[in-house]
>>> print(open('input_3.pdb').read())   # PDB, C-alpha atoms
MODEL        1
ATOM      1  CA  MET F 535      87.427  88.697  82.246
ATOM      2  CA  ILE F 536      91.192  88.560  81.901
ATOM      3  CA  TYR F 537      92.994  91.825  81.197
ATOM      4  CA  VAL F 538      96.577  91.848  79.898
ATOM      5  CA  PHE F 539      98.892  94.854  80.181
ATOM      6  CA  LYS F 540     102.407  95.710  79.077
ATOM      7  CA  THR F 541     104.058  97.406  82.080
ATOM      8  CA  SER F 542     107.160  99.238  83.224
ATOM      9  CA  VAL F 543     107.559  96.925  86.250
ATOM     10  CA  ASP F 544     111.069  95.599  85.663
ATOM     11  CA  SER F 545     112.694  95.385  89.088
ATOM     12  CA  PRO F 546     111.941  94.032  92.554
ATOM     13  CA  SER F 547     111.375  97.538  93.959
ATOM     14  CA  LYS F 548     108.893  98.413  91.207
ATOM     15  CA  PHE F 549     107.187  95.063  91.777
ATOM     16  CA  GLU F 550     106.790  95.843  95.489
ATOM     17  CA  SER F 551     105.278  99.267  94.751
ATOM     18  CA  ALA F 552     102.968  97.842  92.103
ATOM     19  CA  SER F 553     101.903  94.995  94.405
ATOM     20  CA  THR F 554     100.991  97.409  97.177
ATOM     21  CA  LEU F 555      98.911  99.484  94.765
ATOM     22  CA  LEU F 556      97.166  96.492  93.180
ATOM     23  CA  ASN F 557      96.352  94.922  96.545
ATOM     24  CA  ALA F 558      94.847  98.228  97.725
ATOM     25  CA  LEU F 559      92.837  98.873  94.550
ATOM     26  CA  LEU F 560      91.824  95.265  93.864
ATOM     27  CA  PRO F 561      91.635  93.419  97.194
ATOM     28  CA  ASN F 562      89.579  90.448  95.946
ATOM     29  CA  THR F 563      91.148  90.129  92.512
ATOM     30  CA  ILE F 564      93.612  87.610  91.099
ATOM     31  CA  TRP F 565      96.583  89.231  89.353
ATOM     32  CA  ASN F 566     100.163  88.322  88.445
ATOM     33  CA  PHE F 567     103.226  89.705  86.687
ATOM     34  CA  ASP F 568     105.389  87.866  84.173
ATOM     35  CA  LEU F 569     108.668  89.702  84.654
ATOM     36  CA  GLU F 570     110.538  87.230  82.459
ATOM     37  CA  ASP F 571     108.518  88.428  79.463
ATOM     38  CA  CYS F 572     110.073  91.321  77.523
ATOM     39  CA  ASP F 573     106.887  93.373  78.083
ATOM     40  CA  ASN F 574     106.701  92.696  81.853
ATOM     41  CA  ILE F 575     103.152  91.455  81.447
ATOM     42  CA  LEU F 576     100.495  92.023  84.099
ATOM     43  CA  ARG F 577      97.428  89.767  83.965
ATOM     44  CA  ILE F 578      94.327  90.549  85.984
ATOM     45  CA  ASP F 579      91.262  88.325  86.289
ATOM     46  CA  SER F 580      88.322  90.497  87.318
ATOM     47  CA  GLU F 581      84.804  91.573  86.472
ATOM     48  CA  LEU F 582      85.691  95.194  87.317
ATOM     49  CA  ASP F 583      86.629  97.830  84.720
ATOM     50  CA  ILE F 584      90.332  97.347  85.344
ATOM     51  CA  PRO F 585      91.811  99.716  82.726
ATOM     52  CA  SER F 586      90.065 102.710  84.261
ATOM     53  CA  LEU F 587      91.324 101.706  87.717
ATOM     54  CA  ILE F 588      95.014 101.160  87.014
ATOM     55  CA  GLN F 589      96.016 103.189  83.965
ATOM     56  CA  ASN F 590      97.656 106.511  84.889
ATOM     57  CA  ASN F 591      98.259 105.256  88.424
ATOM     58  CA  GLY F 592     101.480 107.193  89.150
ATOM     59  CA  ILE F 593     103.385 104.058  90.254
ATOM     60  CA  PHE F 594     103.989 102.188  86.988
ATOM     61  CA  ASP F 595     103.140 102.585  83.322
ATOM     62  CA  CYS F 596     100.750 100.115  81.760
ATOM     63  CA  ILE F 597      99.215  99.701  78.336
ATOM     64  CA  GLU F 598      96.350  97.296  77.754
ATOM     65  CA  LEU F 599      97.091  94.644  75.138
ATOM     66  CA  GLU F 600      94.441  93.052  72.998
TER      67      GLU F 600
ENDMDL
END
>>> encode(input="input_3.pdb", output="structure tokens")
Amino acid sequence: MIYVFKTSVDSPSKFESASTLLNALLPNTIWNFDLEDCDNILRIDSELDIPSLIQNNGIFDCIELE
């Protein structure tokens, strides 16, 4: 399943922090950011329940889009 989130990741330093978190939480998952999009989109391809894993993570804000 592909999850799409609007995020607060809007700089290289925030990207680095978010990447570290995502790699730790989701080691075998494909994910990417579209920082050129006005919503700084994060896409995650996974069978896991991603929203419960990354929302309220303390590193960056994210809101699941439908």
>>> residues_around(input="input_3.pdb", residues="F:Asp544", least_positions_apart="5", cutoff="9 Å", atoms="all atoms listed in the file", output="list in words")
Phe549, Leu569, Glu570, Asp573 and Asn574 of chain F
>>> resolve_selection(input="input_3.pdb", expression="the PyMOL selection byres ((chain F and resi 593-600) around 7)", output="PDB file with C-alpha atoms, in the frame of the given file")
ATOM      1  CA  VAL F 538      96.577  91.848  79.898  1.00  0.00           C
ATOM      2  CA  PHE F 539      98.892  94.854  80.181  1.00  0.00           C
ATOM      3  CA  LYS F 540     102.407  95.710  79.077  1.00  0.00           C
ATOM      4  CA  THR F 541     104.058  97.406  82.080  1.00  0.00           C
ATOM      5  CA  SER F 542     107.160  99.238  83.224  1.00  0.00           C
ATOM      6  CA  VAL F 543     107.559  96.925  86.250  1.00  0.00           C
ATOM      7  CA  SER F 551     105.278  99.267  94.751  1.00  0.00           C
ATOM      8  CA  ALA F 552     102.968  97.842  92.103  1.00  0.00           C
ATOM      9  CA  GLN F 589      96.016 103.189  83.965  1.00  0.00           C
ATOM     10  CA  ASN F 590      97.656 106.511  84.889  1.00  0.00           C
ATOM     11  CA  ASN F 591      98.259 105.256  88.424  1.00  0.00           C
ATOM     12  CA  GLY F 592     101.480 107.193  89.150  1.00  0.00           C
TER      13      GLY F 592
END
>>> atom_distance(input="input_3.pdb", atom1="atom CA of F:Thr563", atom2="atom CA of F:Asp579")
6.5 Å
>>> atom_distance(input="input_3.pdb", atom1="atom CA of F:Glu581", atom2="atom CA of F:Lys548")
25.5 Å
>>> closest_residue(input="input_3.pdb", among="F:Glu550, F:Leu560, F:Asp571, F:Asn566", to="F:Asp583", atoms="only C-alpha atoms")
F:Leu560
>>> build_atoms(input="input_3.pdb", residues="stretch 571-597 of chain F", atoms="N, CA and C atoms", output="PDB file, in the frame of the given file")
ATOM      1  N   ASP F 571     108.968  88.027  80.792  1.00  0.00           N
ATOM      2  CA  ASP F 571     108.518  88.428  79.463  1.00  0.00           C
ATOM      3  C   ASP F 571     109.122  89.800  79.143  1.00  0.00           C
ATOM      4  N   CYS F 572     109.451  90.048  77.903  1.00  0.00           N
ATOM      5  CA  CYS F 572     110.073  91.321  77.523  1.00  0.00           C
ATOM      6  C   CYS F 572     109.152  92.525  77.757  1.00  0.00           C
ATOM      7  N   ASP F 573     107.839  92.289  77.848  1.00  0.00           N
ATOM      8  CA  ASP F 573     106.887  93.373  78.083  1.00  0.00           C
ATOM      9  C   ASP F 573     106.442  93.473  79.534  1.00  0.00           C
ATOM     10  N   ASN F 574     107.047  92.676  80.426  1.00  0.00           N
ATOM     11  CA  ASN F 574     106.701  92.696  81.853  1.00  0.00           C
ATOM     12  C   ASN F 574     105.189  92.652  82.047  1.00  0.00           C
ATOM     13  N   ILE F 575     104.600  91.599  81.538  1.00  0.00           N
ATOM     14  CA  ILE F 575     103.152  91.455  81.447  1.00  0.00           C
ATOM     15  C   ILE F 575     102.489  91.388  82.827  1.00  0.00           C
ATOM     16  N   LEU F 576     101.384  92.097  82.939  1.00  0.00           N
ATOM     17  CA  LEU F 576     100.495  92.023  84.099  1.00  0.00           C
ATOM     18  C   LEU F 576      99.183  91.442  83.614  1.00  0.00           C
ATOM     19  N   ARG F 577      98.723  90.364  84.271  1.00  0.00           N
ATOM     20  CA  ARG F 577      97.428  89.767  83.965  1.00  0.00           C
ATOM     21  C   ARG F 577      96.526  89.938  85.175  1.00  0.00           C
ATOM     22  N   ILE F 578      95.300  90.354  84.915  1.00  0.00           N
ATOM     23  CA  ILE F 578      94.327  90.549  85.984  1.00  0.00           C
ATOM     24  C   ILE F 578      93.033  89.852  85.594  1.00  0.00           C
ATOM     25  N   ASP F 579      92.530  89.024  86.491  1.00  0.00           N
ATOM     26  CA  ASP F 579      91.262  88.325  86.289  1.00  0.00           C
ATOM     27  C   ASP F 579      90.225  88.998  87.175  1.00  0.00           C
ATOM     28  N   SER F 580      89.295  89.738  86.547  1.00  0.00           N
ATOM     29  CA  SER F 580      88.322  90.497  87.318  1.00  0.00           C
ATOM     30  C   SER F 580      87.122  90.856  86.472  1.00  0.00           C
ATOM     31  N   GLU F 581      86.008  91.078  87.129  1.00  0.00           N
ATOM     32  CA  GLU F 581      84.804  91.573  86.472  1.00  0.00           C
ATOM     33  C   GLU F 581      84.742  93.103  86.501  1.00  0.00           C
ATOM     34  N   LEU F 582      85.648  93.729  87.226  1.00  0.00           N
ATOM     35  CA  LEU F 582      85.691  95.194  87.317  1.00  0.00           C
ATOM     36  C   LEU F 582      86.251  95.794  86.028  1.00  0.00           C
ATOM     37  N   ASP F 583      86.054  97.104  85.855  1.00  0.00           N
ATOM     38  CA  ASP F 583      86.629  97.830  84.720  1.00  0.00           C
ATOM     39  C   ASP F 583      88.070  98.184  85.076  1.00  0.00           C
ATOM     40  N   ILE F 584      88.946  97.230  84.901  1.00  0.00           N
ATOM     41  CA  ILE F 584      90.332  97.347  85.344  1.00  0.00           C
ATOM     42  C   ILE F 584      91.108  98.474  84.668  1.00  0.00           C
ATOM     43  N   PRO F 585      91.015  98.639  83.337  1.00  0.00           N
ATOM     44  CA  PRO F 585      91.811  99.716  82.726  1.00  0.00           C
ATOM     45  C   PRO F 585      91.568 101.084  83.362  1.00  0.00           C
ATOM     46  N   SER F 586      90.339 101.397  83.670  1.00  0.00           N
ATOM     47  CA  SER F 586      90.065 102.710  84.261  1.00  0.00           C
ATOM     48  C   SER F 586      90.622 102.816  85.682  1.00  0.00           C
ATOM     49  N   LEU F 587      90.809 101.689  86.350  1.00  0.00           N
ATOM     50  CA  LEU F 587      91.324 101.706  87.717  1.00  0.00           C
ATOM     51  C   LEU F 587      92.839 101.812  87.787  1.00  0.00           C
ATOM     52  N   ILE F 588      93.557 101.206  86.849  1.00  0.00           N
ATOM     53  CA  ILE F 588      95.014 101.160  87.014  1.00  0.00           C
ATOM     54  C   ILE F 588      95.817 101.998  86.028  1.00  0.00           C
ATOM     55  N   GLN F 589      95.248 102.366  84.895  1.00  0.00           N
ATOM     56  CA  GLN F 589      96.016 103.189  83.965  1.00  0.00           C
ATOM     57  C   GLN F 589      96.181 104.583  84.572  1.00  0.00           C
ATOM     58  N   ASN F 590      97.322 105.199  84.330  1.00  0.00           N
ATOM     59  CA  ASN F 590      97.656 106.511  84.889  1.00  0.00           C
ATOM     60  C   ASN F 590      97.652 106.473  86.415  1.00  0.00           C
ATOM     61  N   ASN F 591      98.280 105.441  86.983  1.00  0.00           N
ATOM     62  CA  ASN F 591      98.259 105.256  88.424  1.00  0.00           C
ATOM     63  C   ASN F 591      99.379 105.973  89.176  1.00  0.00           C
ATOM     64  N   GLY F 592     100.395 106.472  88.496  1.00  0.00           N
ATOM     65  CA  GLY F 592     101.480 107.193  89.150  1.00  0.00           C
ATOM     66  C   GLY F 592     102.575 106.310  89.715  1.00  0.00           C
ATOM     67  N   ILE F 593     102.386 104.991  89.728  1.00  0.00           N
ATOM     68  CA  ILE F 593     103.385 104.058  90.254  1.00  0.00           C
ATOM     69  C   ILE F 593     104.121 103.355  89.111  1.00  0.00           C
ATOM     70  N   PHE F 594     103.368 102.875  88.135  1.00  0.00           N
ATOM     71  CA  PHE F 594     103.989 102.188  86.988  1.00  0.00           C
ATOM     72  C   PHE F 594     103.153 102.459  85.744  1.00  0.00           C
ATOM     73  N   ASP F 595     103.832 102.407  84.605  1.00  0.00           N
ATOM     74  CA  ASP F 595     103.140 102.585  83.322  1.00  0.00           C
ATOM     75  C   ASP F 595     102.525 101.262  82.901  1.00  0.00           C
ATOM     76  N   CYS F 596     101.353 101.325  82.292  1.00  0.00           N
ATOM     77  CA  CYS F 596     100.750 100.115  81.760  1.00  0.00           C
ATOM     78  C   CYS F 596      99.891 100.447  80.545  1.00  0.00           C
ATOM     79  N   ILE F 597      99.965  99.557  79.574  1.00  0.00           N
ATOM     80  CA  ILE F 597      99.215  99.701  78.336  1.00  0.00           C
ATOM     81  C   ILE F 597      98.460  98.400  78.126  1.00  0.00           C
TER      82      ILE F 597
END
